[in-house]
>>> print(open('entry-v5.cif').read())   # mmCIF, C-alpha atoms and all ligand atoms; chains and numbers go by the auth columns
data_run
loop_
_atom_site.group_PDB
_atom_site.id
_atom_site.type_symbol
_atom_site.label_atom_id
_atom_site.label_comp_id
_atom_site.label_asym_id
_atom_site.label_seq_id
_atom_site.Cartn_x
_atom_site.Cartn_y
_atom_site.Cartn_z
_atom_site.B_iso_or_equiv
_atom_site.auth_seq_id
_atom_site.auth_asym_id
ATOM 1 C CA LEU A 1 25.047 53.157 25.018 0.00 71 A
ATOM 2 C CA SER A 2 23.370 56.584 25.251 0.00 72 A
ATOM 3 C CA GLY A 3 24.253 58.274 28.541 0.00 73 A
ATOM 4 C CA SER A 4 25.946 61.683 28.705 0.00 74 A
ATOM 5 C CA GLU A 5 29.615 61.873 29.744 0.00 75 A
ATOM 6 C CA GLU A 6 28.467 63.315 33.104 0.00 76 A
ATOM 7 C CA LEU A 7 26.147 60.368 33.745 0.00 77 A
ATOM 8 C CA LYS A 8 28.864 57.898 32.766 0.00 78 A
ATOM 9 C CA LYS A 9 31.377 59.577 35.089 0.00 79 A
ATOM 10 C CA LYS A 10 28.961 59.554 37.981 0.00 80 A
ATOM 11 C CA TYR A 11 27.588 56.031 37.680 0.00 81 A
ATOM 12 C CA LEU A 12 29.978 53.772 35.760 0.00 82 A
ATOM 13 C CA GLY A 13 32.874 54.125 38.243 0.00 83 A
ATOM 14 C CA PRO A 14 31.019 52.543 41.195 0.00 84 A
ATOM 15 C CA LEU A 15 29.670 49.905 38.789 0.00 85 A
ATOM 16 C CA ALA A 16 33.119 48.966 37.462 0.00 86 A
ATOM 17 C CA LYS A 17 34.486 48.774 41.025 0.00 87 A
ATOM 18 C CA GLY A 18 31.701 46.397 41.993 0.00 88 A
ATOM 19 C CA ASP A 19 30.355 48.864 44.569 0.00 89 A
ATOM 20 C CA ALA A 20 26.942 49.306 42.903 0.00 90 A
ATOM 21 C CA MET A 21 24.549 47.607 40.490 0.00 91 A
ATOM 22 C CA PHE A 22 22.027 48.843 37.934 0.00 92 A
ATOM 23 C CA SER A 23 18.662 47.223 37.223 0.00 93 A
ATOM 24 C CA TYR A 24 16.802 47.579 33.940 0.00 94 A
ATOM 25 C CA CYS A 25 13.168 48.704 34.253 0.00 95 A
ATOM 26 C CA LEU A 26 11.239 48.236 31.014 0.00 96 A
ATOM 27 C CA SER A 27 8.442 45.710 31.734 0.00 97 A
ATOM 28 C CA GLU A 28 5.169 46.568 33.443 0.00 98 A
ATOM 29 C CA PRO A 29 2.080 44.595 34.514 0.00 99 A
ATOM 30 C CA ASP A 30 0.411 45.269 31.131 0.00 100 A
ATOM 31 C CA ALA A 31 3.535 45.773 29.032 0.00 101 A
ATOM 32 C CA GLY A 32 5.668 42.632 28.548 0.00 102 A
ATOM 33 C CA SER A 33 6.291 41.687 24.900 0.00 103 A
ATOM 34 C CA ASP A 34 4.423 44.892 24.037 0.00 104 A
ATOM 35 C CA ALA A 35 6.908 47.039 25.941 0.00 105 A
ATOM 36 C CA ALA A 36 5.957 50.185 23.989 0.00 106 A
ATOM 37 C CA GLY A 37 2.511 49.924 25.619 0.00 107 A
ATOM 38 C CA MET A 38 4.019 51.012 28.950 0.00 108 A
ATOM 39 C CA LYS A 39 2.147 53.459 31.171 0.00 109 A
ATOM 40 C CA THR A 40 4.862 54.747 33.508 0.00 110 A
ATOM 41 C CA ARG A 41 4.893 58.485 32.993 0.00 111 A
ATOM 42 C CA ALA A 42 7.642 61.113 33.300 0.00 112 A
ATOM 43 C CA VAL A 43 6.518 64.736 33.297 0.00 113 A
ATOM 44 C CA ARG A 44 8.899 67.675 33.074 0.00 114 A
ATOM 45 C CA ASP A 45 8.698 70.175 35.916 0.00 115 A
ATOM 46 C CA GLY A 46 11.301 72.947 35.481 0.00 116 A
ATOM 47 C CA ASP A 47 14.731 71.443 36.175 0.00 117 A
ATOM 48 C CA HIS A 48 13.232 68.131 37.213 0.00 118 A
ATOM 49 C CA TRP A 49 11.302 65.131 35.941 0.00 119 A
ATOM 50 C CA ILE A 50 8.531 63.576 37.994 0.00 120 A
ATOM 51 C CA LEU A 51 8.019 59.825 37.508 0.00 121 A
ATOM 52 C CA ASN A 52 4.949 57.760 38.361 0.00 122 A
ATOM 53 C CA GLY A 53 4.253 54.106 37.571 0.00 123 A
ATOM 54 C CA VAL A 54 4.891 50.436 38.291 0.00 124 A
ATOM 55 C CA LYS A 55 7.641 48.274 36.782 0.00 125 A
ATOM 56 C CA ARG A 56 7.314 44.492 37.111 0.00 126 A
ATOM 57 C CA TRP A 57 9.697 41.488 37.030 0.00 127 A
ATOM 58 C CA ILE A 58 12.735 43.641 37.648 0.00 128 A
ATOM 59 C CA THR A 59 15.910 41.616 38.172 0.00 129 A
ATOM 60 C CA ASN A 60 17.820 42.626 41.313 0.00 130 A
ATOM 61 C CA ALA A 61 15.185 45.215 42.288 0.00 131 A
ATOM 62 C CA GLY A 62 15.839 46.257 45.855 0.00 132 A
ATOM 63 C CA ALA A 63 19.421 44.948 45.671 0.00 133 A
ATOM 64 C CA SER A 64 20.532 47.505 43.060 0.00 134 A
ATOM 65 C CA ASP A 65 21.366 51.085 43.985 0.00 135 A
ATOM 66 C CA TYR A 66 20.554 52.396 40.507 0.00 136 A
ATOM 67 C CA TYR A 67 17.746 51.822 37.966 0.00 137 A
ATOM 68 C CA THR A 68 17.436 52.567 34.266 0.00 138 A
ATOM 69 C CA VAL A 69 13.745 53.432 34.018 0.00 139 A
ATOM 70 C CA MET A 70 11.925 53.753 30.702 0.00 140 A
ATOM 71 C CA ALA A 71 8.916 56.102 30.912 0.00 141 A
ATOM 72 C CA VAL A 72 6.473 57.820 28.583 0.00 142 A
ATOM 73 C CA THR A 73 7.295 61.486 28.020 0.00 143 A
ATOM 74 C CA ASP A 74 4.985 61.998 25.009 0.00 144 A
ATOM 75 C CA PRO A 75 1.945 59.682 25.018 0.00 145 A
ATOM 76 C CA ASP A 76 1.000 60.503 21.393 0.00 146 A
ATOM 77 C CA LYS A 77 4.248 59.135 19.926 0.00 147 A
ATOM 78 C CA ARG A 78 4.167 55.572 21.317 0.00 148 A
ATOM 79 C CA SER A 79 7.706 54.097 21.080 0.00 149 A
ATOM 80 C CA LYS A 80 9.184 57.467 20.012 0.00 150 A
ATOM 81 C CA GLY A 81 7.583 59.133 23.046 0.00 151 A
ATOM 82 C CA ILE A 82 9.520 57.034 25.572 0.00 152 A
ATOM 83 C CA SER A 83 12.610 58.304 27.392 0.00 153 A
ATOM 84 C CA ALA A 84 15.145 56.635 29.686 0.00 154 A
ATOM 85 C CA PHE A 85 16.173 57.924 33.128 0.00 155 A
ATOM 86 C CA VAL A 86 18.517 57.043 35.960 0.00 156 A
ATOM 87 C CA VAL A 87 16.560 56.567 39.175 0.00 157 A
ATOM 88 C CA GLU A 88 18.336 55.925 42.461 0.00 158 A
ATOM 89 C CA LYS A 89 17.080 53.565 45.152 0.00 159 A
ATOM 90 C CA SER A 90 17.424 56.423 47.646 0.00 160 A
ATOM 91 C CA ASP A 91 15.196 58.807 45.620 0.00 161 A
ATOM 92 C CA GLU A 92 12.071 59.699 47.571 0.00 162 A
ATOM 93 C CA GLY A 93 9.023 57.772 46.311 0.00 163 A
ATOM 94 C CA VAL A 94 10.928 54.633 45.178 0.00 164 A
ATOM 95 C CA SER A 95 9.827 51.351 46.798 0.00 165 A
ATOM 96 C CA PHE A 96 9.742 47.619 45.987 0.00 166 A
ATOM 97 C CA GLY A 97 7.297 44.699 45.979 0.00 167 A
ATOM 98 C CA ALA A 98 7.824 41.290 47.595 0.00 168 A
ATOM 99 C CA PRO A 99 10.275 38.940 45.805 0.00 169 A
ATOM 100 C CA GLU A 100 8.503 36.825 43.139 0.00 170 A
ATOM 101 C CA LYS A 101 8.426 33.062 43.724 0.00 171 A
ATOM 102 C CA LYS A 102 10.311 31.595 40.748 0.00 172 A
ATOM 103 C CA LEU A 103 11.036 28.105 39.397 0.00 173 A
ATOM 104 C CA GLY A 104 14.668 29.021 38.806 0.00 174 A
ATOM 105 C CA ILE A 105 17.122 31.953 38.604 0.00 175 A
ATOM 106 C CA LYS A 106 17.120 32.024 42.397 0.00 176 A
ATOM 107 C CA GLY A 107 20.468 33.813 42.601 0.00 177 A
ATOM 108 C CA SER A 108 18.814 37.183 42.050 0.00 178 A
ATOM 109 C CA PRO A 109 15.570 38.623 43.388 0.00 179 A
ATOM 110 C CA THR A 110 12.805 39.662 40.943 0.00 180 A
ATOM 111 C CA ARG A 111 10.501 42.362 42.295 0.00 181 A
ATOM 112 C CA GLU A 112 8.164 45.150 41.326 0.00 182 A
ATOM 113 C CA VAL A 113 9.467 48.715 41.458 0.00 183 A
ATOM 114 C CA TYR A 114 7.010 51.428 42.488 0.00 184 A
ATOM 115 C CA LEU A 115 7.567 55.025 41.447 0.00 185 A
ATOM 116 C CA ASP A 116 5.379 57.400 43.395 0.00 186 A
ATOM 117 C CA ASN A 117 5.987 61.043 42.440 0.00 187 A
ATOM 118 C CA VAL A 118 9.715 60.427 42.158 0.00 188 A
ATOM 119 C CA ARG A 119 11.365 63.788 41.495 0.00 189 A
ATOM 120 C CA ILE A 120 14.760 63.582 39.777 0.00 190 A
ATOM 121 C CA PRO A 121 17.103 66.252 38.310 0.00 191 A
ATOM 122 C CA ALA A 122 16.590 66.860 34.559 0.00 192 A
ATOM 123 C CA ASP A 123 20.176 65.760 33.759 0.00 193 A
ATOM 124 C CA ARG A 124 19.355 62.189 34.805 0.00 194 A
ATOM 125 C CA ILE A 125 17.717 61.637 31.418 0.00 195 A
ATOM 126 C CA ILE A 126 19.697 59.083 29.344 0.00 196 A
ATOM 127 C CA GLY A 127 20.183 60.445 25.817 0.00 197 A
ATOM 128 C CA GLU A 128 17.708 62.733 24.087 0.00 198 A
ATOM 129 C CA GLU A 129 14.052 62.859 25.022 0.00 199 A
ATOM 130 C CA GLY A 130 12.139 60.255 22.981 0.00 200 A
ATOM 131 C CA THR A 131 15.151 57.935 22.441 0.00 201 A
ATOM 132 C CA GLY A 132 14.556 55.733 25.500 0.00 202 A
ATOM 133 C CA PHE A 133 12.815 52.912 23.671 0.00 203 A
ATOM 134 C CA ALA A 134 15.587 52.664 21.069 0.00 204 A
ATOM 135 C CA THR A 135 18.157 52.555 23.896 0.00 205 A
ATOM 136 C CA ALA A 136 16.111 49.854 25.637 0.00 206 A
ATOM 137 C CA MET A 137 16.069 47.713 22.467 0.00 207 A
ATOM 138 C CA LYS A 138 19.822 48.185 21.878 0.00 208 A
ATOM 139 C CA THR A 139 20.392 47.079 25.465 0.00 209 A
ATOM 140 C CA LEU A 140 18.420 43.885 24.828 0.00 210 A
ATOM 141 C CA ASP A 141 20.633 43.169 21.787 0.00 211 A
ATOM 142 C CA HIS A 142 23.502 42.782 24.287 0.00 212 A
ATOM 143 C CA THR A 143 21.731 41.166 27.189 0.00 213 A
ATOM 144 C CA ARG A 144 19.434 38.636 25.501 0.00 214 A
ATOM 145 C CA ILE A 145 22.458 36.466 24.678 0.00 215 A
ATOM 146 C CA THR A 146 23.137 36.062 28.386 0.00 216 A
ATOM 147 C CA ILE A 147 19.475 35.056 28.838 0.00 217 A
ATOM 148 C CA ALA A 148 20.004 32.436 26.113 0.00 218 A
ATOM 149 C CA ALA A 149 23.022 31.165 28.064 0.00 219 A
ATOM 150 C CA GLN A 150 20.903 30.904 31.229 0.00 220 A
ATOM 151 C CA ALA A 151 18.188 28.955 29.387 0.00 221 A
ATOM 152 C CA LEU A 152 20.828 26.680 27.844 0.00 222 A
ATOM 153 C CA GLY A 153 22.327 25.969 31.271 0.00 223 A
ATOM 154 C CA VAL A 154 18.882 25.116 32.667 0.00 224 A
ATOM 155 C CA ALA A 155 18.212 22.797 29.682 0.00 225 A
ATOM 156 C CA GLN A 156 21.617 21.089 30.062 0.00 226 A
ATOM 157 C CA GLY A 157 20.905 20.635 33.770 0.00 227 A
ATOM 158 C CA ALA A 158 17.546 19.022 32.986 0.00 228 A
ATOM 159 C CA LEU A 159 19.160 16.685 30.447 0.00 229 A
ATOM 160 C CA ASP A 160 21.924 15.665 32.876 0.00 230 A
ATOM 161 C CA TYR A 161 19.330 15.017 35.574 0.00 231 A
ATOM 162 C CA ALA A 162 17.172 12.968 33.175 0.00 232 A
ATOM 163 C CA LYS A 163 20.181 10.901 32.047 0.00 233 A
ATOM 164 C CA GLY A 164 20.884 9.935 35.645 0.00 234 A
ATOM 165 C CA TYR A 165 17.256 9.186 36.473 0.00 235 A
ATOM 166 C CA VAL A 166 16.602 6.862 33.504 0.00 236 A
ATOM 167 C CA GLN A 167 19.506 4.667 34.579 0.00 237 A
ATOM 168 C CA GLU A 168 18.443 4.582 38.202 0.00 238 A
ATOM 169 C CA ARG A 169 14.687 3.994 37.684 0.00 239 A
ATOM 170 C CA LYS A 170 13.797 0.356 36.917 0.00 240 A
ATOM 171 C CA GLN A 171 10.534 -0.972 35.437 0.00 241 A
ATOM 172 C CA PHE A 172 9.784 -4.396 33.944 0.00 242 A
ATOM 173 C CA GLY A 173 13.074 -5.576 35.439 0.00 243 A
ATOM 174 C CA LYS A 174 15.389 -3.092 33.720 0.00 244 A
ATOM 175 C CA PRO A 175 16.422 0.572 33.756 0.00 245 A
ATOM 176 C CA ILE A 176 13.916 2.678 31.779 0.00 246 A
ATOM 177 C CA ALA A 177 16.960 3.901 29.784 0.00 247 A
ATOM 178 C CA ASP A 178 16.789 0.548 27.954 0.00 248 A
ATOM 179 C CA PHE A 179 13.391 1.387 26.410 0.00 249 A
ATOM 180 C CA GLN A 180 13.658 2.827 22.942 0.00 250 A
ATOM 181 C CA GLY A 181 10.823 5.369 23.471 0.00 251 A
ATOM 182 C CA ILE A 182 12.802 6.941 26.341 0.00 252 A
ATOM 183 C CA GLN A 183 15.991 6.926 24.251 0.00 253 A
ATOM 184 C CA PHE A 184 14.199 8.836 21.489 0.00 254 A
ATOM 185 C CA MET A 185 13.177 11.536 23.968 0.00 255 A
ATOM 186 C CA LEU A 186 16.688 11.862 25.389 0.00 256 A
ATOM 187 C CA ALA A 187 18.179 12.034 21.883 0.00 257 A
ATOM 188 C CA ASP A 188 15.758 14.830 20.979 0.00 258 A
ATOM 189 C CA MET A 189 16.649 16.722 24.159 0.00 259 A
ATOM 190 C CA ALA A 190 20.391 16.343 23.497 0.00 260 A
ATOM 191 C CA MET A 191 19.956 17.496 19.894 0.00 261 A
ATOM 192 C CA LYS A 192 18.027 20.605 20.936 0.00 262 A
ATOM 193 C CA VAL A 193 20.521 21.486 23.678 0.00 263 A
ATOM 194 C CA GLU A 194 23.431 21.191 21.214 0.00 264 A
ATOM 195 C CA ALA A 195 21.577 23.299 18.622 0.00 265 A
ATOM 196 C CA ALA A 196 20.808 25.949 21.270 0.00 266 A
ATOM 197 C CA ARG A 197 24.464 25.963 22.371 0.00 267 A
ATOM 198 C CA ALA A 198 25.679 26.481 18.789 0.00 268 A
ATOM 199 C CA LEU A 199 23.142 29.284 18.229 0.00 269 A
ATOM 200 C CA THR A 200 24.041 31.018 21.509 0.00 270 A
ATOM 201 C CA TYR A 201 27.759 31.001 20.669 0.00 271 A
ATOM 202 C CA GLN A 202 27.031 32.238 17.147 0.00 272 A
ATOM 203 C CA ALA A 203 24.880 35.123 18.510 0.00 273 A
HETATM 204 C C1 LIG B . 13.004 35.958 35.806 0.00 301 A
HETATM 205 C C2 LIG B . 12.611 37.173 35.029 0.00 301 A
HETATM 206 C C3 LIG B . 13.368 38.322 35.126 0.00 301 A
HETATM 207 C C4 LIG B . 13.001 39.467 34.409 0.00 301 A
HETATM 208 N N1 LIG B . 13.765 40.595 34.529 0.00 301 A
HETATM 209 C C5 LIG B . 13.368 41.728 33.917 0.00 301 A
HETATM 210 C C6 LIG B . 14.119 42.941 34.116 0.00 301 A
HETATM 211 O O1 LIG B . 15.148 42.972 34.796 0.00 301 A
HETATM 212 N N2 LIG B . 13.659 44.063 33.512 0.00 301 A
HETATM 213 C C7 LIG B . 12.543 44.077 32.741 0.00 301 A
HETATM 214 O O2 LIG B . 12.203 45.162 32.251 0.00 301 A
HETATM 215 N N3 LIG B . 11.818 42.951 32.535 0.00 301 A
HETATM 216 C C8 LIG B . 12.203 41.778 33.109 0.00 301 A
HETATM 217 N N4 LIG B . 11.473 40.621 32.919 0.00 301 A
HETATM 218 C C9 LIG B . 10.257 40.680 32.118 0.00 301 A
HETATM 219 C C10 LIG B . 10.413 40.046 30.737 0.00 301 A
HETATM 220 O O3 LIG B . 11.147 40.886 29.909 0.00 301 A
HETATM 221 C C11 LIG B . 8.997 39.759 30.237 0.00 301 A
HETATM 222 O O4 LIG B . 8.558 38.621 30.944 0.00 301 A
HETATM 223 C C12 LIG B . 8.947 39.549 28.764 0.00 301 A
HETATM 224 O O5 LIG B . 9.072 40.790 28.114 0.00 301 A
HETATM 225 C C13 LIG B . 7.645 38.871 28.322 0.00 301 A
HETATM 226 O O6 LIG B . 6.553 39.571 28.799 0.00 301 A
HETATM 227 P P1 LIG B . 5.383 38.825 29.578 0.00 301 A
HETATM 228 O O7 LIG B . 5.980 37.965 30.634 0.00 301 A
HETATM 229 O O8 LIG B . 4.395 39.871 29.977 0.00 301 A
HETATM 230 O O9 LIG B . 4.715 37.854 28.526 0.00 301 A
HETATM 231 P P2 LIG B . 3.594 38.226 27.463 0.00 301 A
HETATM 232 O O10 LIG B . 4.018 39.404 26.666 0.00 301 A
HETATM 233 O O11 LIG B . 2.272 38.283 28.162 0.00 301 A
HETATM 234 O O12 LIG B . 3.668 36.937 26.552 0.00 301 A
HETATM 235 C C14 LIG B . 2.994 35.712 26.903 0.00 301 A
HETATM 236 C C15 LIG B . 3.106 34.764 25.746 0.00 301 A
HETATM 237 O O13 LIG B . 2.475 35.332 24.581 0.00 301 A
HETATM 238 C C16 LIG B . 3.369 35.338 23.479 0.00 301 A
HETATM 239 N N5 LIG B . 3.161 36.537 22.661 0.00 301 A
HETATM 240 C C17 LIG B . 3.137 37.847 23.068 0.00 301 A
HETATM 241 N N6 LIG B . 2.925 38.644 22.012 0.00 301 A
HETATM 242 C C18 LIG B . 2.819 37.858 20.922 0.00 301 A
HETATM 243 C C19 LIG B . 2.618 38.114 19.530 0.00 301 A
HETATM 244 N N7 LIG B . 2.494 39.358 19.046 0.00 301 A
HETATM 245 N N8 LIG B . 2.582 37.043 18.689 0.00 301 A
HETATM 246 C C20 LIG B . 2.728 35.784 19.165 0.00 301 A
HETATM 247 N N9 LIG B . 2.928 35.486 20.453 0.00 301 A
HETATM 248 C C21 LIG B . 2.971 36.504 21.325 0.00 301 A
HETATM 249 C C22 LIG B . 4.764 35.356 24.130 0.00 301 A
HETATM 250 O O14 LIG B . 5.757 34.819 23.267 0.00 301 A
HETATM 251 C C23 LIG B . 4.555 34.452 25.335 0.00 301 A
HETATM 252 O O15 LIG B . 4.628 33.096 24.986 0.00 301 A
HETATM 253 C C24 LIG B . 11.836 39.457 33.589 0.00 301 A
HETATM 254 C C25 LIG B . 11.074 38.293 33.490 0.00 301 A
HETATM 255 C C26 LIG B . 11.433 37.162 34.200 0.00 301 A
HETATM 256 C C27 LIG B . 10.587 35.937 34.072 0.00 301 A
#
>>> encode(input="entry-v5.cif", output="C-alpha cells", more="lines below")
Ligand SMILES: Cc1cc2nc3c(=O)[nH]c(=O)nc-3n(C[C@H](O)[C@H](O)[C@H](O)COP(=O)(O)OP(=O)(O)OC[C@H]3O[C@@H](n4cnc5c(N)ncnc54)[C@H](O)[C@@H]3O)c2cc1C
Amino acid sequence: LSGSEELKKKYLGPLAKGDAMFSYCLSEPDAGSDAAGMKTRAVRDGDHWILNGVKRWITNAGASDYYTVMAVTDPDKRSKGISAFVVEKSDEGVSFGAPEKKLGIKGSPTREVYLDNVRIPADRIIGEEGTGFATAMKTLDHTRITIAAQALGVAQGALDYAKGYVQERKQFGKPIADFQGIQFMLADMAMKVEAARALTYQA
C-alpha cells in the first residue's frame, strides 16, 4: 500500500514465492482498540532508526521472517506522529514471548514481539514519516474481512455442533431438539450466521 519500490522489490518476491511471511505489529499491551495510544518508539539516528517497545497479540510472531512495525516518531502528533517500518526477525534486539493460549485460531501462533534497541537502516521506513497509522488503517480495511470470515466459520461450526447435539441428547424421553425453546435458540443462531455470511460477502 505505501512501501517504496525498493522495499517492494526486496520483500514482496520472497512473499509471493511462499518463502517468507510478514506479520503486522500494531497492538500493544495498552493499545488495542486505541491503537494510536501506542508507546513503541522509533528514534532517528543518522542513517538508521532505533526501535524500542513491546507489541502484543501478533499473529505468526516468531514464524514470520518480516514484521511491519508501527512506532511513534513524533509523540506530540498522536496518530499523525506514527510511522511504519520493516523489521526483520534476524535484526539484533528482536525477540518473542511465549505463544498465547487461545480458544481457537490454533493454526497460527500469537505472541508478543519485543524490540530492544533494534537498529534498522533508514530506508526500511514504509512511506513518509508520520503516515504509518494511515497505512495501518488501510491495511485493516483489507484484512478485517478475512477476520469476519474466520468468525463466521467459527459460528457455523458452533451451529453445526449444536444441531448434532440437540438430536443426540435426550431428556424427558425425547431429543431436546423437540423442545420449542431449544428450536427458538437454534433458529436465532442460524439467522445470525446467515446475516453474517451475507454481510461478509457484501464487504
Ligand atoms: C487471535 C488474535 C490475533 C491478533 N493478531 C494481531 C496481529 O497480528 N497484529 C496486531 O497488531 N494485533 C493483533 N491482535 C490484537 C487485536 O487487534 C486487538 O485485540 C484489538 O485491537 C482489540 O484490542 P484489545 O484486545 O486490547 O481490546 P480492548 O481495546 O481492551 O477492548 C475491550 C472491549 O472494550 C470495547 N471498547 C474499546 N473501546 C471502546 C469504545 N471507545 N467504546 C465502546 N467500546 C469500546 C471493545 O469493543 C471490546 O469489547 C490480535 C488479537 C487476537 C485475539
>>> closest_residue(input="entry-v5.cif", among="A:Val124, A:Leu71, A:Leu82, A:Tyr231", to="A:Asp211", atoms="all atoms listed in the file")
A:Leu71
>>> residues_near_ligand(input="entry-v5.cif", ligand="ligand LIG 301 (chain A)", cutoff="10 Å", atoms="all atoms listed in the file", output="VMD selection string")
chain A and resid 92 to 105 125 to 131 137 to 140 170 to 176 178 to 182 206 210 214 217
>>> residues_around(input="entry-v5.cif", residues="A:Lys233", least_positions_apart="2", cutoff="12 Å", atoms="all atoms listed in the file", output="compact mmCIF listing (two decimals) with C-alpha atoms, in the frame of the given file")
# COMPACT_ATOMS: atom_id res chain seq x y z
CA GLN A 226 21.62 21.09 30.06
CA GLY A 227 20.90 20.64 33.77
CA ALA A 228 17.55 19.02 32.99
CA LEU A 229 19.16 16.68 30.45
CA ASP A 230 21.92 15.66 32.88
CA TYR A 231 19.33 15.02 35.57
CA TYR A 235 17.26 9.19 36.47
CA VAL A 236 16.60 6.86 33.50
CA GLN A 237 19.51 4.67 34.58
CA GLU A 238 18.44 4.58 38.20
CA ARG A 239 14.69 3.99 37.68
CA PRO A 245 16.42 0.57 33.76
CA ILE A 246 13.92 2.68 31.78
CA ALA A 247 16.96 3.90 29.78
CA ASP A 248 16.79 0.55 27.95
CA ILE A 252 12.80 6.94 26.34
CA GLN A 253 15.99 6.93 24.25
CA MET A 255 13.18 11.54 23.97
CA LEU A 256 16.69 11.86 25.39
CA ALA A 257 18.18 12.03 21.88
CA MET A 259 16.65 16.72 24.16
CA ALA A 260 20.39 16.34 23.50
>>> closest_residue(input="entry-v5.cif", among="A:Ala266, A:Lys87, A:Pro169, A:Thr110", to="A:Ala219", atoms="all atoms listed in the file")
A:Ala266
>>> atom_distance(input="entry-v5.cif", atom1="atom CA of A:Ala133", atom2="atom CA of A:Glu198")
28.0 Å
>>> closest_residue(input="entry-v5.cif", among="A:His118, A:Lys244, A:Lys150, A:Arg111", to="A:Gly200", atoms="all atoms listed in the file")
A:Lys150
>>> closest_residue(input="entry-v5.cif", among="A:Ala106, A:Leu185, A:Ala192, A:Ala90", to="A:Ile152", atoms="only C-alpha atoms")
A:Ala106
>>> atom_distance(input="entry-v5.cif", atom1="atom CA of A:Arg189", atom2="atom CA of A:Gly73")
19.1 Å
>>> closest_residue(input="entry-v5.cif", among="A:Ala268, A:Gly234, A:Ile195, A:Lys208", to="A:Asp117", atoms="only C-alpha atoms")
A:Ile195
>>> atom_distance(input="entry-v5.cif", atom1="atom CA of A:Glu199", atom2="atom CA of A:Gly163")
22.5 Å
>>> closest_residue(input="entry-v5.cif", among="A:Gly177, A:Leu121, A:Met108, A:Asp135", to="A:Gly88", atoms="all atoms listed in the file")
A:Asp135
>>> axis_aligned_box(input="entry-v5.cif", around="stretch 247-252 of chain A", padding_each_side="3 Å", output="AutoDock Vina command-line options")
--center_x 13.9 --center_y 3.7 --center_z 26.4 --size_x 12.1 --size_y 12.4 --size_z 12.8
>>> resolve_selection(input="entry-v5.cif", expression="the PyMOL selection byres (((chain A and resi 218) around 10) and not hetatm)", output="VMD selection string")
chain A and resid 213 to 217 219 to 224 266 to 267 269 to 271 273
